[in-house]
>>> print(open('upload39.cif').read())   # mmCIF, C-alpha atoms
data_input
#
loop_
_atom_site.label_atom_id
_atom_site.label_comp_id
_atom_site.auth_asym_id
_atom_site.auth_seq_id
_atom_site.Cartn_x
_atom_site.Cartn_y
_atom_site.Cartn_z
CA MET A 553 3.53 -25.38 -8.30
CA SER A 554 6.99 -25.95 -9.68
CA PRO A 555 9.79 -25.00 -7.27
CA SER A 556 11.27 -22.84 -10.07
CA THR A 557 8.10 -20.81 -10.58
CA SER A 558 8.78 -17.18 -9.74
CA SER A 559 6.06 -15.39 -11.70
CA PHE A 560 2.93 -15.87 -13.76
CA VAL A 561 0.87 -13.81 -16.21
CA LEU A 562 -2.68 -12.80 -15.39
CA PRO A 563 -5.35 -13.39 -18.02
CA ASP A 564 -6.80 -10.08 -19.20
CA LEU A 565 -10.25 -10.20 -17.60
CA HIS A 566 -10.96 -6.57 -18.42
CA ALA A 567 -10.62 -7.32 -22.12
CA VAL A 568 -13.48 -9.84 -22.10
CA THR A 569 -15.77 -7.83 -19.80
CA PRO A 570 -18.27 -5.71 -21.77
CA PHE A 571 -19.69 -3.89 -18.74
CA LYS A 572 -19.10 -0.21 -18.06
CA GLY A 573 -17.95 0.78 -14.60
CA SER A 574 -18.99 3.79 -12.55
CA PHE A 575 -18.14 5.32 -9.17
CA ASN A 576 -20.31 6.55 -6.33
CA PRO A 577 -20.14 10.35 -5.93
CA HIS A 578 -20.67 10.05 -2.16
CA TYR A 579 -17.48 8.02 -1.66
CA THR A 580 -15.24 10.54 0.11
CA GLU A 581 -17.61 11.61 2.88
CA ALA A 582 -19.48 8.34 3.42
CA ALA A 583 -16.30 6.23 3.33
CA ALA A 584 -14.68 8.40 6.01
CA GLU A 585 -17.73 8.04 8.24
CA SER A 586 -17.89 4.27 7.80
CA SER A 587 -14.16 3.81 8.33
CA GLU A 588 -14.32 5.88 11.51
CA TRP A 589 -17.28 3.79 12.69
CA VAL A 590 -15.60 0.40 12.24
CA ASN A 591 -12.23 1.55 13.58
CA SER A 592 -13.82 3.00 16.71
CA TYR A 593 -14.41 -0.54 17.98
CA SER A 594 -10.75 -1.63 17.78
CA VAL A 595 -11.74 -5.23 17.08
CA LEU A 596 -8.56 -6.02 15.13
CA SER A 597 -4.90 -5.90 16.10
CA ASP A 598 -2.86 -2.92 14.90
CA LYS A 599 -1.31 -4.93 12.04
CA LYS A 600 -4.64 -6.36 10.93
CA ARG A 601 -6.21 -2.91 11.16
CA ALA A 602 -3.47 -1.46 8.93
CA PHE A 603 -4.03 -4.23 6.39
CA PHE A 604 -7.76 -3.70 6.67
CA LEU A 605 -7.46 0.04 5.96
CA GLN A 606 -5.18 -0.49 2.97
CA GLY A 607 -7.65 -3.04 1.60
CA GLY A 608 -10.05 -0.22 0.75
CA SER A 609 -13.40 -1.86 1.47
CA GLU A 610 -15.25 1.46 1.06
CA LEU A 611 -13.50 1.90 -2.30
CA LEU A 612 -14.93 -1.47 -3.35
CA CYS A 613 -18.41 -0.28 -2.39
CA ALA A 614 -18.00 2.87 -4.47
CA HIS A 615 -17.34 0.68 -7.52
CA ALA A 616 -19.93 -1.98 -6.67
CA TYR A 617 -22.81 0.32 -5.66
CA PRO A 618 -22.22 3.49 -7.71
CA TYR A 619 -25.96 4.18 -8.00
CA ALA A 620 -26.76 4.21 -4.24
CA ASP A 621 -27.82 7.46 -2.58
CA TYR A 622 -25.79 8.81 0.34
CA GLU A 623 -27.53 7.01 3.19
CA ARG A 624 -27.75 3.66 1.41
CA PHE A 625 -24.15 3.93 0.23
CA ARG A 626 -22.94 4.63 3.77
CA THR A 627 -24.82 1.51 4.91
CA THR A 628 -23.26 -0.66 2.20
CA CYS A 629 -19.84 0.58 3.34
CA ASP A 630 -20.69 -0.39 6.91
CA PHE A 631 -21.78 -3.83 5.72
CA VAL A 632 -18.63 -4.59 3.73
CA ASN A 633 -16.48 -3.26 6.59
CA LEU A 634 -18.38 -5.55 8.92
CA LEU A 635 -17.84 -8.50 6.57
CA PHE A 636 -14.11 -7.83 6.34
CA THR A 637 -14.01 -7.71 10.15
CA VAL A 638 -15.81 -11.07 10.48
CA ASP A 639 -13.51 -12.52 7.82
CA GLU A 640 -10.35 -11.35 9.56
CA ILE A 641 -11.55 -12.69 12.92
CA SER A 642 -12.56 -16.10 11.53
CA ASP A 643 -9.35 -16.50 9.49
CA ASP A 644 -7.52 -17.20 12.77
CA GLN A 645 -10.16 -19.58 14.14
CA ASN A 646 -10.93 -23.28 13.82
CA GLY A 647 -14.31 -24.50 12.59
CA LYS A 648 -15.98 -24.27 16.00
CA GLY A 649 -14.64 -20.79 16.73
CA ALA A 650 -15.55 -19.49 13.27
CA TYR A 651 -19.09 -20.83 13.65
CA GLU A 652 -19.49 -19.14 17.04
CA THR A 653 -18.30 -15.84 15.56
CA GLY A 654 -20.72 -16.35 12.68
CA LEU A 655 -23.62 -17.06 15.02
CA THR A 656 -23.05 -13.77 16.80
CA PHE A 657 -23.11 -12.03 13.41
CA TYR A 658 -26.24 -13.88 12.27
CA ASN A 659 -28.24 -13.60 15.49
CA SER A 660 -27.43 -9.89 15.83
CA MET A 661 -28.62 -9.26 12.28
CA ARG A 662 -31.75 -11.39 12.63
CA ASP A 663 -32.90 -10.03 15.98
CA LEU A 664 -32.15 -6.54 17.26
CA ASN A 665 -33.01 -7.71 20.79
CA TYR A 666 -30.25 -10.34 20.72
CA GLU A 667 -27.37 -9.64 23.10
CA ASP A 668 -24.23 -11.62 23.91
CA GLY A 669 -22.12 -8.72 25.18
CA SER A 670 -19.63 -8.84 22.32
CA VAL A 671 -18.35 -5.91 20.29
CA LEU A 672 -19.30 -7.77 17.09
CA CYS A 673 -22.89 -8.05 18.34
CA LYS A 674 -23.06 -4.29 19.00
CA MET A 675 -21.56 -3.43 15.60
CA THR A 676 -23.89 -5.77 13.72
CA LYS A 677 -27.02 -4.44 15.43
CA GLU A 678 -26.02 -0.86 14.65
CA PHE A 679 -25.61 -1.80 11.00
CA THR A 680 -28.91 -3.71 10.93
CA ALA A 681 -30.83 -0.79 12.44
CA ARG A 682 -29.57 1.40 9.59
CA LEU A 683 -30.39 -1.29 7.01
CA LEU A 684 -33.97 -1.75 8.18
CA LYS A 685 -34.82 1.93 7.68
CA HIS A 686 -35.00 1.40 3.91
CA CYS A 687 -34.91 -2.37 3.28
CA GLY A 688 -37.95 -4.11 1.78
CA PRO A 689 -39.27 -7.20 3.63
CA LEU A 690 -38.50 -9.66 0.82
CA THR A 691 -34.98 -8.31 0.37
CA TYR A 692 -34.37 -8.47 4.13
CA ARG A 693 -35.65 -12.06 4.39
CA ARG A 694 -33.37 -13.19 1.57
CA PHE A 695 -30.53 -11.19 3.11
CA ILE A 696 -30.87 -13.06 6.40
CA LYS A 697 -30.92 -16.39 4.52
CA HIS A 698 -27.68 -15.42 2.76
CA CYS A 699 -26.22 -14.54 6.16
CA LYS A 700 -26.99 -18.00 7.53
CA ASP A 701 -25.51 -19.67 4.44
CA TYR A 702 -22.44 -17.47 4.77
CA ILE A 703 -21.65 -18.26 8.41
CA GLU A 704 -22.12 -21.99 7.83
CA ALA A 705 -19.78 -21.89 4.82
CA VAL A 706 -17.13 -19.89 6.72
CA ALA A 707 -17.17 -22.56 9.46
CA VAL A 708 -16.72 -25.29 6.83
CA GLU A 709 -13.83 -23.34 5.32
CA ALA A 710 -12.16 -23.03 8.74
CA ASP A 711 -12.54 -26.78 9.32
CA LEU A 712 -11.09 -27.59 5.89
CA ARG A 713 -8.18 -25.23 6.56
CA GLU A 714 -7.50 -26.88 9.92
CA ARG A 715 -7.46 -30.33 8.28
CA GLY A 716 -5.52 -29.24 5.20
CA VAL A 717 -8.24 -30.39 2.79
CA VAL A 718 -8.55 -28.95 -0.73
CA LEU A 719 -11.98 -29.56 -2.27
CA ASP A 720 -12.56 -30.70 -5.85
CA PRO A 721 -13.62 -27.96 -8.33
CA GLU A 722 -17.38 -28.58 -8.14
CA ALA A 723 -17.52 -28.76 -4.35
CA TYR A 724 -15.21 -25.76 -4.09
CA GLN A 725 -17.36 -23.63 -6.37
CA THR A 726 -20.46 -24.41 -4.31
CA LEU A 727 -18.71 -23.51 -1.04
CA ARG A 728 -16.99 -20.45 -2.50
CA ARG A 729 -20.26 -18.89 -3.59
CA GLU A 730 -21.26 -18.78 0.07
CA ASN A 731 -18.04 -18.28 2.06
CA SER A 732 -16.96 -15.41 -0.19
CA ALA A 733 -20.08 -13.46 0.92
CA VAL A 734 -20.54 -12.34 -2.69
CA ARG A 735 -24.12 -13.70 -2.78
CA PHE A 736 -24.63 -11.83 0.46
CA CYS A 737 -23.29 -8.61 -1.08
CA CYS A 738 -25.32 -9.01 -4.26
CA GLY A 739 -28.39 -9.42 -2.07
CA LEU A 740 -27.75 -5.90 -0.82
CA ALA A 741 -28.32 -4.52 -4.34
CA GLY A 742 -32.09 -4.44 -3.86
CA TYR A 743 -31.63 -2.31 -0.76
CA ALA A 744 -29.13 -0.01 -2.49
CA LEU A 745 -31.48 0.40 -5.47
CA GLY A 746 -34.55 0.92 -3.30
CA ILE A 747 -36.46 -2.00 -4.85
CA ASP A 748 -37.88 -5.22 -3.40
CA LEU A 749 -38.13 -7.87 -6.13
CA PRO A 750 -40.69 -10.65 -5.64
CA ASP A 751 -39.45 -14.21 -5.09
CA GLU A 752 -40.86 -15.39 -8.43
CA VAL A 753 -38.41 -13.05 -10.18
CA VAL A 754 -35.36 -13.79 -8.05
CA GLU A 755 -35.97 -17.55 -8.28
CA HIS A 756 -36.57 -17.60 -12.05
CA PRO A 757 -33.92 -19.77 -13.81
CA ALA A 758 -32.71 -16.95 -16.08
CA PHE A 759 -32.40 -14.46 -13.22
CA MET A 760 -30.68 -17.08 -11.04
CA ALA A 761 -28.25 -17.92 -13.88
CA MET A 762 -27.31 -14.23 -14.06
CA HIS A 763 -26.90 -14.08 -10.30
CA LEU A 764 -24.69 -17.17 -10.06
CA ALA A 765 -22.58 -16.11 -13.05
CA THR A 766 -22.04 -12.75 -11.34
CA VAL A 767 -21.06 -14.42 -8.09
CA ASP A 768 -18.67 -16.83 -9.83
CA MET A 769 -17.02 -14.05 -11.85
CA VAL A 770 -16.31 -12.09 -8.69
CA CYS A 771 -15.12 -15.18 -6.79
CA TRP A 772 -12.85 -16.50 -9.54
CA SER A 773 -11.28 -13.10 -10.25
CA ASN A 774 -10.73 -12.50 -6.53
CA ASP A 775 -9.03 -15.88 -6.17
CA LEU A 776 -6.81 -15.14 -9.16
CA TYR A 777 -5.79 -11.72 -7.89
CA SER A 778 -5.36 -12.74 -4.25
CA TYR A 779 -3.33 -15.90 -4.95
CA ASN A 780 0.08 -14.24 -4.62
CA MET A 781 -0.76 -12.69 -1.26
CA GLU A 782 -2.28 -15.93 0.00
CA GLN A 783 0.58 -18.20 -1.11
CA ALA A 784 3.02 -15.90 0.67
CA MET A 785 1.07 -16.44 3.90
CA GLY A 786 0.55 -20.16 3.29
CA HIS A 787 -3.25 -19.72 3.03
CA THR A 788 -3.92 -21.26 -0.38
CA GLY A 789 -6.50 -23.98 0.37
CA ASN A 790 -9.48 -21.68 -0.17
CA ASN A 791 -8.44 -20.55 -3.65
CA VAL A 792 -9.49 -21.83 -7.07
CA ILE A 793 -5.89 -21.65 -8.33
CA THR A 794 -4.86 -24.28 -5.77
CA VAL A 795 -7.98 -26.34 -6.55
CA LEU A 796 -7.18 -26.37 -10.27
CA MET A 797 -3.52 -27.22 -9.74
CA GLN A 798 -4.29 -30.10 -7.40
CA HIS A 799 -7.32 -31.61 -9.12
CA LYS A 800 -6.65 -30.83 -12.79
CA GLY A 801 -2.89 -31.32 -12.73
CA LEU A 802 -2.18 -27.79 -13.94
CA ASP A 803 0.84 -25.65 -13.15
CA LEU A 804 0.38 -22.10 -11.86
CA GLN A 805 0.27 -20.50 -15.30
CA GLY A 806 -2.09 -23.19 -16.58
CA ALA A 807 -4.43 -22.59 -13.66
CA ALA A 808 -4.38 -18.81 -14.24
CA ASP A 809 -5.13 -19.35 -17.94
CA PHE A 810 -8.00 -21.70 -17.02
CA VAL A 811 -9.52 -18.94 -14.89
CA GLY A 812 -9.39 -16.60 -17.87
CA VAL A 813 -11.18 -19.06 -20.15
CA HIS A 814 -13.81 -19.83 -17.52
CA PHE A 815 -14.38 -16.15 -16.80
CA LYS A 816 -15.19 -15.53 -20.48
CA ALA A 817 -17.63 -18.47 -20.39
CA LEU A 818 -19.32 -16.90 -17.35
CA ILE A 819 -19.68 -13.60 -19.23
CA ASP A 820 -21.37 -15.50 -22.07
CA THR A 821 -23.67 -17.30 -19.60
CA PHE A 822 -24.68 -14.01 -18.02
CA LEU A 823 -25.44 -12.33 -21.34
CA HIS A 824 -27.41 -15.32 -22.64
CA ALA A 825 -29.50 -15.48 -19.46
CA LYS A 826 -30.15 -11.73 -19.64
CA ARG A 827 -31.50 -12.11 -23.18
CA THR A 828 -33.88 -14.87 -22.09
CA LEU A 829 -35.49 -13.06 -19.15
CA PRO A 830 -39.29 -13.11 -19.43
CA SER A 831 -41.54 -10.12 -18.87
CA TRP A 832 -43.27 -9.54 -15.55
CA GLY A 833 -44.91 -6.27 -16.59
CA ALA A 834 -43.50 -2.79 -17.14
CA ARG A 835 -42.78 -1.87 -13.50
CA ILE A 836 -41.06 -5.10 -12.52
CA ASP A 837 -39.22 -5.31 -15.85
CA GLY A 838 -37.77 -1.88 -15.12
CA GLU A 839 -36.64 -3.03 -11.68
CA VAL A 840 -35.12 -6.21 -13.13
CA ALA A 841 -33.18 -4.07 -15.62
CA GLN A 842 -31.83 -2.02 -12.69
CA TYR A 843 -30.86 -5.20 -10.86
CA ALA A 844 -29.07 -6.53 -13.97
CA MET A 845 -27.14 -3.27 -14.10
CA ALA A 846 -26.25 -3.73 -10.43
CA MET A 847 -24.85 -7.21 -11.15
CA GLU A 848 -22.74 -5.80 -13.99
CA ASN A 849 -21.47 -3.07 -11.67
CA TRP A 850 -20.30 -5.70 -9.22
CA VAL A 851 -18.33 -7.58 -11.88
CA ILE A 852 -16.55 -4.63 -13.50
CA GLY A 853 -16.35 -2.72 -10.23
CA ASN A 854 -14.56 -5.61 -8.54
CA LEU A 855 -12.06 -5.85 -11.41
CA ASN A 856 -11.33 -2.12 -11.27
CA TRP A 857 -11.08 -2.08 -7.48
CA SER A 858 -8.61 -4.97 -7.50
CA PHE A 859 -6.03 -2.77 -9.22
CA GLU A 860 -6.77 0.37 -7.19
CA THR A 861 -6.57 -1.18 -3.72
CA GLN A 862 -3.23 -2.23 -2.24
CA ARG A 863 -4.86 -5.40 -0.88
CA TYR A 864 -3.71 -7.77 -3.63
CA PHE A 865 -0.77 -6.23 -5.46
CA GLY A 866 0.60 -3.57 -3.11
CA HIS A 867 2.63 -0.74 -4.61
CA ALA A 868 3.09 -2.72 -7.83
CA ARG A 869 -0.62 -2.73 -8.65
CA HIS A 870 -0.50 -0.20 -11.50
CA GLU A 871 2.49 -1.88 -13.13
CA ILE A 872 0.79 -5.28 -12.81
CA ARG A 873 -2.39 -3.88 -14.37
CA ARG A 874 -0.24 -2.74 -17.33
CA THR A 875 1.96 -5.83 -17.79
CA ARG A 876 -0.22 -8.49 -16.09
CA VAL A 877 3.01 -10.10 -14.79
CA VAL A 878 2.88 -11.12 -11.13
CA HIS A 879 6.15 -11.89 -9.36
CA LEU A 880 5.59 -14.23 -6.44
CA TYR A 881 6.26 -12.91 -2.97
CA PRO A 882 8.56 -15.00 -0.76
CA ARG A 883 6.85 -17.06 1.91
CA ARG A 884 6.46 -15.11 5.14
CA ASP A 885 7.22 -16.36 8.61
CA ALA A 886 4.23 -16.81 10.93
CA GLY A 887 4.94 -13.50 12.65
CA GLU A 888 4.80 -11.64 9.36
CA GLU A 889 1.47 -12.99 8.17
CA GLU A 890 -0.54 -9.98 9.29
CA SER A 891 1.66 -7.60 7.32
CA SER A 892 0.11 -5.81 4.40
CA SER A 893 0.83 -6.90 0.88
CA SER A 894 1.58 -3.25 0.23
CA ASP A 895 4.97 -3.84 1.79
CA GLU A 896 5.88 -5.85 -1.29
CA GLU A 897 7.19 -3.98 -4.32
#
>>> encode(input="upload39.cif", output="structure tokens")
Amino acid sequence: MSPSTSSFVLPDLHAVTPFKGSFNPHYTEAAAESSEWVNSYSVLSDKKRAFFLQGGSELLCAHAYPYADYERFRTTCDFVNLLFTVDEISDDQNGKGAYETGLTFYNSMRDLNYEDGSVLCKMTKEFTARLLKHCGPLTYRRFIKHCKDYIEAVAVEADLRERGVVLDPEAYQTLRRENSAVRFCCGLAGYALGIDLPDEVVEHPAFMAMHLATVDMVCWSNDLYSYNMEQAMGHTGNNVITVLMQHKGLDLQGAADFVGVHFKALIDTFLHAKRTLPSWGARIDGEVAQYAMAMENWVIGNLNWSFETQRYFGHARHEIRRTRVVHLYPRRDAGEEESSSSDEE
């Protein structure tokens, strides 16, 4: 990034996204319950908790799972709150510490009899007990696999951060699909919909192309929108903007523009794959159509949430949505890193 760079213009991702967003009608009551649940454990420091609350994880769920009934929606809120908690804890850890945190998360989700005495273990088992009330066996098995992939990727990310290593674009994309937990979250769609797709459907090339395009759209847009906050804290290694600048020789605006072009290509990939899905019979075809809708909800819902939450753009979020101009925050001192981006105007 040029020393003179003080702002950049976001590509208009909404303009190239043909999906229609929606919002879960159970948001107000279920979100309050889930927020009270996660905050009752006091896992995070006061500053991190304030940032966590302003991030609006339940708001994200309302956009991403608008079709879920009350109980399933409350459980998705618990899950995303739990993920944000694990993410905040591991952000301050090295590779070994992040992996140990991840193992507690994984073991507690895989086995309700597991016990290591930690608060994270207790929280995770409470979530898992709620999940298992309505989760199909195939969905749960894939969910646990995504959990294992996630904790391993988070540990790799922590190790790379400790060593100051920025991956090349291909390696970064592979890691980002897992450490972002977006595959994990998309795996929850079957639970939220009340369906349990067979492996032959989920593993079909066209379905998998839709899934990966969805994951990449969410990851790349999140990296674009979070870059300002992350550069202010000096946490830019795990961001596609940094990857593109370092490995493709782009400046900040060039990297942002690249994200816009790639995002449109991902939309095209998704739509092409959707058109080429085979038929598995009327019942399963109907469930696949619901799952495709759920993927679309995640993409447009994440875009909409990004400009409603204070997590990325603070009080300026509505103005930035209108103008797409992002003014870079000044670098914060180490003691300020836990402060919310909402402090920035």
>>> residues_around(input="upload39.cif", residues="range 664-667 of chain A", least_positions_apart="5", cutoff="12 Å", atoms="all atoms listed in the file", output="short mmCIF file (atom, residue, chain, number, x, y, z; two decimals) with C-alpha atoms, keeping the file's coordinate frame")
data_model
loop_
_atom_site.label_atom_id
_atom_site.label_comp_id
_atom_site.auth_asym_id
_atom_site.auth_seq_id
_atom_site.Cartn_x
_atom_site.Cartn_y
_atom_site.Cartn_z
CA LEU A 655 -23.62 -17.06 15.02
CA THR A 656 -23.05 -13.77 16.80
CA PHE A 657 -23.11 -12.03 13.41
CA TYR A 658 -26.24 -13.88 12.27
CA ASN A 659 -28.24 -13.60 15.49
CA LEU A 672 -19.30 -7.77 17.09
CA CYS A 673 -22.89 -8.05 18.34
CA LYS A 674 -23.06 -4.29 19.00
CA MET A 675 -21.56 -3.43 15.60
CA THR A 676 -23.89 -5.77 13.72
CA LYS A 677 -27.02 -4.44 15.43
CA GLU A 678 -26.02 -0.86 14.65
CA PHE A 679 -25.61 -1.80 11.00
CA THR A 680 -28.91 -3.71 10.93
CA ALA A 681 -30.83 -0.79 12.44
CA ARG A 682 -29.57 1.40 9.59
CA LEU A 683 -30.39 -1.29 7.01
CA LEU A 684 -33.97 -1.75 8.18
#
>>> atom_distance(input="upload39.cif", atom1="CA of Val632 in chain A", atom2="CA of Ile747 in chain A")
20.0 Å
>>> closest_residue(input="upload39.cif", among="A:Pro618, A:Gly647, A:Gly789, A:Gly742", to="Pro721 in chain A", atoms="only C-alpha atoms")
A:Gly789
>>> resolve_selection(input="upload39.cif", expression="the PyMOL selection byres ((chain A and resi 687-704) around 6)", output="VMD selection string")
chain A and resid 654 683 to 684 686 705 to 707 730 to 731 736 739 743 748
>>> atom_distance(input="upload39.cif", atom1="CA of Gly853 in chain A", atom2="CA of His787 in chain A")
25.2 Å
>>> closest_residue(input="upload39.cif", among="A:Val878, A:Met847, A:Met762, A:Val813", to="Arg827 in chain A", atoms="all atoms listed in the file")
A:Met762
>>> atom_distance(input="upload39.cif", atom1="CA of Asp768 in chain A", atom2="CA of Val590 in chain A")
28.2 Å
>>> closest_residue(input="upload39.cif", among="A:Ala741, A:Val770, A:Ala758, A:Ala808", to="Arg876 in chain A", atoms="only C-alpha atoms")
A:Ala808
>>> resolve_selection(input="upload39.cif", expression="the PyMOL selection byres ((chain A and resi 622) around 10)", output="list in words")
Asn576, Pro577, His578, Tyr579, Glu581, Ala582, Tyr619, Ala620, Asp621, Glu623, Arg624, Phe625, Arg626, Thr627, Thr628 and Ala744 of chain A
>>> resolve_selection(input="upload39.cif", expression="the PyMOL selection byres ((chain A and resi 839-842) around 10)", output="VMD selection string")
chain A and resid 619 741 to 742 745 to 749 753 to 754 759 826 829 831 to 832 834 to 838 843 to 848
>>> write_last_selection(input="upload39.cif", atoms="C-alpha atoms", output="short mmCIF file (atom, residue, chain, number, x, y, z; two decimals), in the coordinates of the input")
data_model
loop_
_atom_site.label_atom_id
_atom_site.label_comp_id
_atom_site.auth_asym_id
_atom_site.auth_seq_id
_atom_site.Cartn_x
_atom_site.Cartn_y
_atom_site.Cartn_z
CA TYR A 619 -25.96 4.18 -8.00
CA ALA A 741 -28.32 -4.52 -4.34
CA GLY A 742 -32.09 -4.44 -3.86
CA LEU A 745 -31.48 0.40 -5.47
CA GLY A 746 -34.55 0.92 -3.30
CA ILE A 747 -36.46 -2.00 -4.85
CA ASP A 748 -37.88 -5.22 -3.40
CA LEU A 749 -38.13 -7.87 -6.13
CA VAL A 753 -38.41 -13.05 -10.18
CA VAL A 754 -35.36 -13.79 -8.05
CA PHE A 759 -32.40 -14.46 -13.22
CA LYS A 826 -30.15 -11.73 -19.64
CA LEU A 829 -35.49 -13.06 -19.15
CA SER A 831 -41.54 -10.12 -18.87
CA TRP A 832 -43.27 -9.54 -15.55
CA ALA A 834 -43.50 -2.79 -17.14
CA ARG A 835 -42.78 -1.87 -13.50
CA ILE A 836 -41.06 -5.10 -12.52
CA ASP A 837 -39.22 -5.31 -15.85
CA GLY A 838 -37.77 -1.88 -15.12
CA TYR A 843 -30.86 -5.20 -10.86
CA ALA A 844 -29.07 -6.53 -13.97
CA MET A 845 -27.14 -3.27 -14.10
CA ALA A 846 -26.25 -3.73 -10.43
CA MET A 847 -24.85 -7.21 -11.15
CA GLU A 848 -22.74 -5.80 -13.99
#
>>> residues_near_point(input="upload39.cif", point="(-2.2, -17.6, -7.4)", cutoff="9 Å", atoms="all atoms listed in the file", output="VMD selection string")
chain A and resid 560 775 to 783 788 791 to 794 804 to 805 807 to 808 880
>>> axis_aligned_box(input="upload39.cif", around="range 560-569 of chain A", padding_each_side="4 Å", output="lines of an AutoDock Vina configuration file")
center_x = -6.4
center_y = -11.2
center_z = -17.9
size_x = 26.7
size_y = 17.3
size_z = 16.4
>>> residues_around(input="upload39.cif", residues="Val568 in chain A", least_positions_apart="5", cutoff="10 Å", atoms="all atoms listed in the file", output="number ranges by chain")
A: 563, 812-813, 815-817, 819-820
>>> write_last_selection(input="upload39.cif", atoms="C-alpha atoms", output="compact mmCIF listing (two decimals), in the frame of the given file")
# COMPACT_ATOMS: atom_id res chain seq x y z
CA PRO A 563 -5.35 -13.39 -18.02
CA GLY A 812 -9.39 -16.60 -17.87
CA VAL A 813 -11.18 -19.06 -20.15
CA PHE A 815 -14.38 -16.15 -16.80
CA LYS A 816 -15.19 -15.53 -20.48
CA ALA A 817 -17.63 -18.47 -20.39
CA ILE A 819 -19.68 -13.60 -19.23
CA ASP A 820 -21.37 -15.50 -22.07
>>> closest_residue(input="upload39.cif", among="A:Leu612, A:Val708, A:Ser559, A:Arg869", to="Pro882 in chain A", atoms="all atoms listed in the file")
A:Ser559
>>> closest_residue(input="upload39.cif", among="A:Gln798, A:Gly786, A:Phe859, A:Val595", to="Arg884 in chain A", atoms="all atoms listed in the file")
A:Gly786
>>> closest_residue(input="upload39.cif", among="A:Val734, A:Ala825, A:Cys613, A:Leu562", to="Thr580 in chain A", atoms="all atoms listed in the file")
A:Cys613
>>> residues_around(input="upload39.cif", residues="Leu855 in chain A", least_positions_apart="5", cutoff="8 Å", atoms="all atoms listed in the file", output="VMD selection string")
chain A and resid 565 to 566 773
>>> residues_around(input="upload39.cif", residues="Thr861 in chain A", least_positions_apart="4", cutoff="9 Å", atoms="all atoms listed in the file", output="number ranges by chain")
A: 606-609, 611-612, 856-857, 865-866, 869
